[in-house]
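A.B. asks: mmCIF, C-alpha atoms, file final-v8.cif:
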```cif
data_upload
loop_
_atom_site.label_atom_id
_atom_site.label_comp_id
_atom_site.auth_asym_id
_atom_site.auth_seq_id
_atom_site.Cartn_x
_atom_site.Cartn_y
_atom_site.Cartn_z
CA MET J 1 15.66 -3.40 8.17
CA THR J 2 15.71 -1.68 4.78
CA ILE J 3 17.76 -1.75 1.61
CA SER J 4 18.46 1.06 -0.83
CA PRO J 5 16.79 0.89 -4.24
CA ALA J 6 20.20 0.67 -5.94
CA ASP J 7 21.30 -2.26 -3.77
CA LEU J 8 18.06 -4.13 -4.42
CA HIS J 9 18.35 -3.47 -8.16
CA ALA J 10 21.86 -4.98 -8.11
CA ARG J 11 20.65 -8.25 -6.54
CA GLU J 12 20.04 -11.34 -8.62
CA ALA J 13 16.32 -11.41 -9.41
CA SER J 14 16.02 -15.21 -9.13
CA LYS J 15 17.07 -15.04 -5.47
CA THR J 16 14.68 -12.26 -4.47
CA LEU J 17 10.94 -11.78 -4.25
CA VAL J 18 9.53 -8.26 -4.10
CA LEU J 19 6.07 -7.91 -2.57
CA ASP J 20 4.26 -4.69 -3.43
CA VAL J 21 1.66 -4.13 -0.70
CA ARG J 22 -0.18 -1.27 -2.42
CA ALA J 23 -3.70 -1.48 -3.85
CA PRO J 24 -4.03 -3.07 -7.30
CA GLY J 25 -4.68 0.28 -8.99
CA GLU J 26 -1.52 1.77 -7.51
CA PHE J 27 0.44 -1.34 -8.51
CA ALA J 28 -0.84 -1.16 -12.10
CA ALA J 29 0.25 2.47 -12.39
CA GLY J 30 3.89 1.49 -11.90
CA HIS J 31 5.86 -1.03 -9.85
CA LEU J 32 9.31 -2.53 -9.46
CA PRO J 33 10.12 -5.02 -12.23
CA GLY J 34 9.05 -8.52 -11.24
CA ALA J 35 7.20 -7.37 -8.11
CA VAL J 36 4.17 -9.32 -6.93
CA ASN J 37 1.09 -7.36 -5.89
CA LEU J 38 -0.03 -8.47 -2.43
CA PRO J 39 -2.20 -5.76 -0.87
CA LEU J 40 -1.42 -5.17 2.80
CA ASP J 41 -4.74 -6.50 4.10
CA SER J 42 -4.21 -9.76 2.19
CA ILE J 43 -1.00 -10.80 3.89
CA ALA J 44 -2.70 -12.86 6.60
CA ALA J 45 -4.49 -14.97 3.98
CA LEU J 46 -1.19 -16.01 2.38
CA LEU J 47 1.09 -16.52 5.40
CA PRO J 48 1.79 -20.21 4.66
CA GLU J 49 2.80 -19.41 1.08
CA LEU J 50 4.88 -16.44 2.27
CA ALA J 51 6.73 -18.60 4.81
CA ASP J 52 7.49 -21.16 2.11
CA ALA J 53 8.66 -18.47 -0.33
CA ALA J 54 10.89 -16.90 2.36
CA GLY J 55 12.64 -20.25 2.70
CA ARG J 56 13.57 -20.19 -0.98
CA ARG J 57 14.16 -16.49 -1.71
CA GLU J 58 14.86 -13.31 0.17
CA LEU J 59 11.68 -11.27 0.66
CA PHE J 60 11.53 -7.52 0.07
CA VAL J 61 8.46 -5.43 0.77
CA VAL J 62 7.62 -2.15 -0.96
CA CYS J 63 4.80 0.39 -1.05
CA ALA J 64 4.65 3.99 -2.25
CA THR J 65 6.79 5.60 0.46
CA GLY J 66 7.48 2.98 3.13
CA ARG J 67 4.68 3.22 5.71
CA ARG J 68 2.57 0.30 4.49
CA SER J 69 5.65 -1.82 3.84
CA ALA J 70 6.76 -1.22 7.45
CA ASP J 71 3.34 -2.47 8.58
CA ALA J 72 3.70 -5.48 6.29
CA ARG J 73 7.17 -6.31 7.62
CA GLU J 74 5.79 -6.13 11.17
CA ARG J 75 2.96 -8.53 10.30
CA LEU J 76 5.41 -10.89 8.63
CA ALA J 77 7.81 -10.71 11.58
CA ASP J 78 4.95 -11.57 13.94
CA ALA J 79 4.51 -14.74 11.86
CA GLY J 80 8.25 -15.48 11.96
CA ILE J 81 8.90 -14.42 8.37
CA ALA J 82 11.89 -12.18 7.65
CA ALA J 83 11.47 -9.40 5.09
CA THR J 84 13.39 -6.28 4.17
CA GLY J 85 11.87 -2.93 3.22
CA VAL J 86 12.91 -0.76 0.30
CA GLU J 87 14.06 2.72 1.36
CA GLY J 88 11.67 5.35 0.04
CA GLY J 89 9.35 2.76 -1.53
CA THR J 90 8.46 3.00 -5.19
CA ASP J 91 8.86 6.78 -4.95
CA GLY J 92 12.49 6.26 -3.89
CA TRP J 93 12.96 3.66 -6.60
CA THR J 94 11.79 5.99 -9.37
CA ALA J 95 13.71 8.94 -7.86
CA ALA J 96 16.86 6.81 -8.19
CA GLY J 97 16.13 6.53 -11.92
CA LEU J 98 15.49 2.80 -11.80
CA PRO J 99 13.03 1.13 -14.21
CA VAL J 100 9.39 0.53 -13.41
CA GLU J 101 6.87 -1.73 -15.06
CA GLN J 102 3.27 -0.84 -15.81
CA GLY J 103 0.71 -3.51 -15.13
CA PRO J 104 -2.62 -4.14 -16.71
CA ALA J 105 -5.23 -1.81 -15.32
CA PRO J 106 -7.55 -3.47 -12.84
CA ALA J 107 -11.02 -4.36 -14.04
CA ARG J 108 -12.34 -1.35 -12.17
CA ALA J 109 -10.56 1.99 -12.05
CA ILE J 110 -9.47 2.83 -8.52
CA TRP J 111 -7.83 6.03 -7.41
CA ALA J 112 -4.57 5.85 -5.50
CA MET J 113 -5.15 5.85 -1.75
CA ASP J 114 -3.59 9.28 -1.20
CA ARG J 115 -5.95 10.73 -3.80
CA GLN J 116 -8.94 9.06 -2.13
CA VAL J 117 -7.88 10.51 1.24
CA ARG J 118 -7.48 14.02 -0.18
CA PHE J 119 -10.89 13.80 -1.88
CA ALA J 120 -12.66 12.46 1.21
CA ALA J 121 -11.00 14.94 3.57
CA GLY J 122 -11.72 17.89 1.29
CA SER J 123 -15.32 16.79 0.80
CA LEU J 124 -15.89 16.46 4.54
CA VAL J 125 -14.34 19.88 5.23
CA LEU J 126 -16.52 21.51 2.57
CA ALA J 127 -19.60 19.73 3.88
CA GLY J 128 -18.86 20.91 7.41
CA LEU J 129 -18.41 24.49 6.25
CA ALA J 130 -21.52 24.47 4.07
CA LEU J 131 -23.70 22.88 6.74
CA GLY J 132 -22.19 25.25 9.29
CA ARG J 133 -23.99 28.16 7.68
CA ARG J 134 -27.30 26.77 8.96
CA ALA J 135 -26.12 24.68 11.89
CA PRO J 136 -22.94 26.17 13.38
CA ARG J 137 -22.07 22.94 15.20
CA ALA J 138 -21.60 21.24 11.82
CA ARG J 139 -18.31 23.14 11.56
CA LEU J 140 -17.01 20.66 14.11
CA LEU J 141 -16.86 18.17 11.22
CA SER J 142 -14.30 20.39 9.50
CA ALA J 143 -12.40 20.80 12.76
CA GLY J 144 -12.39 17.04 13.29
CA VAL J 145 -11.02 16.37 9.82
CA ALA J 146 -8.34 19.04 10.30
CA THR J 147 -7.36 17.49 13.63
CA GLY J 148 -7.13 14.07 12.00
CA LEU J 149 -4.91 15.42 9.23
CA VAL J 150 -2.57 17.08 11.72
CA TYR J 151 -2.37 13.85 13.74
CA SER J 152 -1.77 11.91 10.53
CA GLY J 153 1.16 14.16 9.67
CA LEU J 154 2.67 13.94 13.14
CA SER J 155 2.26 10.20 13.57
CA ASN J 156 2.87 9.16 9.94
CA THR J 157 -0.31 7.10 10.08
CA CYS J 158 -3.61 7.67 8.36
CA GLY J 159 -6.85 6.52 9.93
CA MET J 160 -8.85 7.73 6.95
CA ALA J 161 -6.74 5.60 4.59
CA ALA J 162 -7.31 2.61 6.86
CA LEU J 163 -11.07 3.18 6.73
CA LEU J 164 -11.12 3.78 2.98
CA GLY J 165 -9.04 0.64 2.45
CA LYS J 166 -11.89 -1.43 3.85
CA LEU J 167 -14.39 -0.23 1.26
CA PRO J 168 -15.37 -2.88 -1.31
CA PHE J 169 -13.79 -1.09 -4.27
CA ASN J 170 -10.43 -0.99 -2.46
CA ARG J 171 -10.40 -4.70 -1.76
CA PRO J 172 -8.35 -6.82 -4.15
CA GLU J 173 -10.22 -8.93 -6.64
CA PRO J 174 -9.77 -12.71 -6.24
CA ALA J 175 -7.57 -12.73 -9.35
CA VAL J 176 -5.00 -10.52 -7.57
CA LEU J 177 -4.68 -13.01 -4.73
CA ASP J 178 -4.57 -15.95 -7.14
CA THR J 179 -1.73 -14.28 -9.06
CA ALA J 180 0.14 -13.56 -5.80
CA ARG J 181 -0.37 -17.13 -4.60
CA ALA J 182 1.01 -18.53 -7.87
CA ALA J 183 4.03 -16.21 -7.77
CA LEU J 184 4.80 -17.20 -4.18
CA ARG J 185 4.75 -20.89 -5.11
CA ALA J 186 7.05 -20.40 -8.14
#
```
Using structure tokens, write down the structure that the file contains.

C.D. replies:
Amino acid sequence: MTISPADLHAREASKTLVLDVRAPGEFAAGHLPGAVNLPLDSIAALLPELADAAGRRELFVVCATGRRSADARERLADAGIAATGVEGGTDGWTAAGLPVEQGPAPARAIWAMDRQVRFAAGSLVLAGLALGRRAPRARLLSAGVATGLVYSGLSNTCGMAALLGKLPFNRPEPAVLDTARAALRA
């Protein structure tokens, strides 16, 4: 279930809780006013607090475009917690001309996940082509990356983003989870 950005904006803020499941760097670059940053991989750690918050306020989940928020809603539903997605994510929100807040930059600068994927994919393709001059089979690396990108486009999933999300610099700092925990209890 989803809601349009305009309909969410019209709701009374005290009765809603918006969870932004993007990485802290993405969240800091711009998010819905009053949203709480709870990176997707951190949901399981805060399920009790989320269940309690869902009993007091209506939960909405947002990411950049909607894919990660759909995953988050599925994880919450598996735990018996109802949540609604925001159509088009933060991209849809800003396209509707609605206000966004900027957060404090994280202690360490982190590229947005789509930028990390483009950089990693491009680097692997170039490496495969360069190595392929001496070892022709190395071109299979480029072919593998291209195949993954095509599959990613067709399935609207991204295995490379999932892998990159597990790297230490993409993991939320404890302060992010502490802030989310406090907001869920409020």

A.B. asks: Could you list, as number ranges by chain, every residue within 12 Å of Lys166 (chain J), counting all atoms listed in the file and ignoring same-chain residues fewer than 6 positions away?

C.D. replies: J: 23, 39-42, 113, 159-160, 172

A.B. asks: Output C-alpha atoms for every residue in the selection just made, as a PDB file, in the coordinates of the input.

C.D. replies:
```pdb
ATOM      1  CA  ALA J  23      -3.700  -1.480  -3.850  1.00  0.00           C
ATOM      2  CA  PRO J  39      -2.200  -5.760  -0.870  1.00  0.00           C
ATOM      3  CA  LEU J  40      -1.420  -5.170   2.800  1.00  0.00           C
ATOM      4  CA  ASP J  41      -4.740  -6.500   4.100  1.00  0.00           C
ATOM      5  CA  SER J  42      -4.210  -9.760   2.190  1.00  0.00           C
ATOM      6  CA  MET J 113      -5.150   5.850  -1.750  1.00  0.00           C
ATOM      7  CA  GLY J 159      -6.850   6.520   9.930  1.00  0.00           C
ATOM      8  CA  MET J 160      -8.850   7.730   6.950  1.00  0.00           C
ATOM      9  CA  PRO J 172      -8.350  -6.820  -4.150  1.00  0.00           C
TER      10      PRO J 172
END
```

A.B. asks: I'd like to know which of J:Glu12, J:Asp7, J:Asp52, J:Asp178 is closest to Leu38 (chain J), using all atoms listed in the file.

C.D. replies: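 Counting all atoms listed in the file, the residue closest to Leu38 (chain J) is J:Asp178.
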
A.B. asks: Have a look at J:Ala96, J:Ala175, J:Leu154, J:Met1 and name the one nearest to Glu74 (chain J); count only C-alpha atoms.

C.D. replies: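 Once distances to Glu74 (chain J) are computed over only C-alpha atoms, the minimum belongs to J:Met1.
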
A.B. asks: Taking all atoms listed in the file into account, which of J:Gly66, J:Leu46, J:Asp114, J:Leu167 comes nearest Ile81 (chain J)?

C.D. replies: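 Smallest separation from Ile81 (chain J) among the options: J:Leu46.
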
A.B. asks: Within 12 Å of Thr157 (chain J), counting only C-alpha atoms, which residues qualify if same-chain residues fewer than 4 places away don't, as a list in words?

C.D. replies: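 Everything that qualifies: Gly66, Arg67, Arg68, Ala70, Asp71, Asp114, Gly148, Leu149, Val150, Tyr151, Ser152, Gly153, Ala161, Ala162 and Leu163 of chain J.
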
A.B. asks: Would you save the residues of that selection, restricted to C-alpha atoms, as an mmCIF file, in the coordinates of the input?

C.D. replies:
```cif
data_model
loop_
_atom_site.group_PDB
_atom_site.id
_atom_site.type_symbol
_atom_site.label_atom_id
_atom_site.label_comp_id
_atom_site.auth_asym_id
_atom_site.auth_seq_id
_atom_site.Cartn_x
_atom_site.Cartn_y
_atom_site.Cartn_z
ATOM 1 C CA GLY J 66 7.480 2.980 3.130
ATOM 2 C CA ARG J 67 4.680 3.220 5.710
ATOM 3 C CA ARG J 68 2.570 0.300 4.490
ATOM 4 C CA ALA J 70 6.760 -1.220 7.450
ATOM 5 C CA ASP J 71 3.340 -2.470 8.580
ATOM 6 C CA ASP J 114 -3.590 9.280 -1.200
ATOM 7 C CA GLY J 148 -7.130 14.070 12.000
ATOM 8 C CA LEU J 149 -4.910 15.420 9.230
ATOM 9 C CA VAL J 150 -2.570 17.080 11.720
ATOM 10 C CA TYR J 151 -2.370 13.850 13.740
ATOM 11 C CA SER J 152 -1.770 11.910 10.530
ATOM 12 C CA GLY J 153 1.160 14.160 9.670
ATOM 13 C CA ALA J 161 -6.740 5.600 4.590
ATOM 14 C CA ALA J 162 -7.310 2.610 6.860
ATOM 15 C CA LEU J 163 -11.070 3.180 6.730
#
```
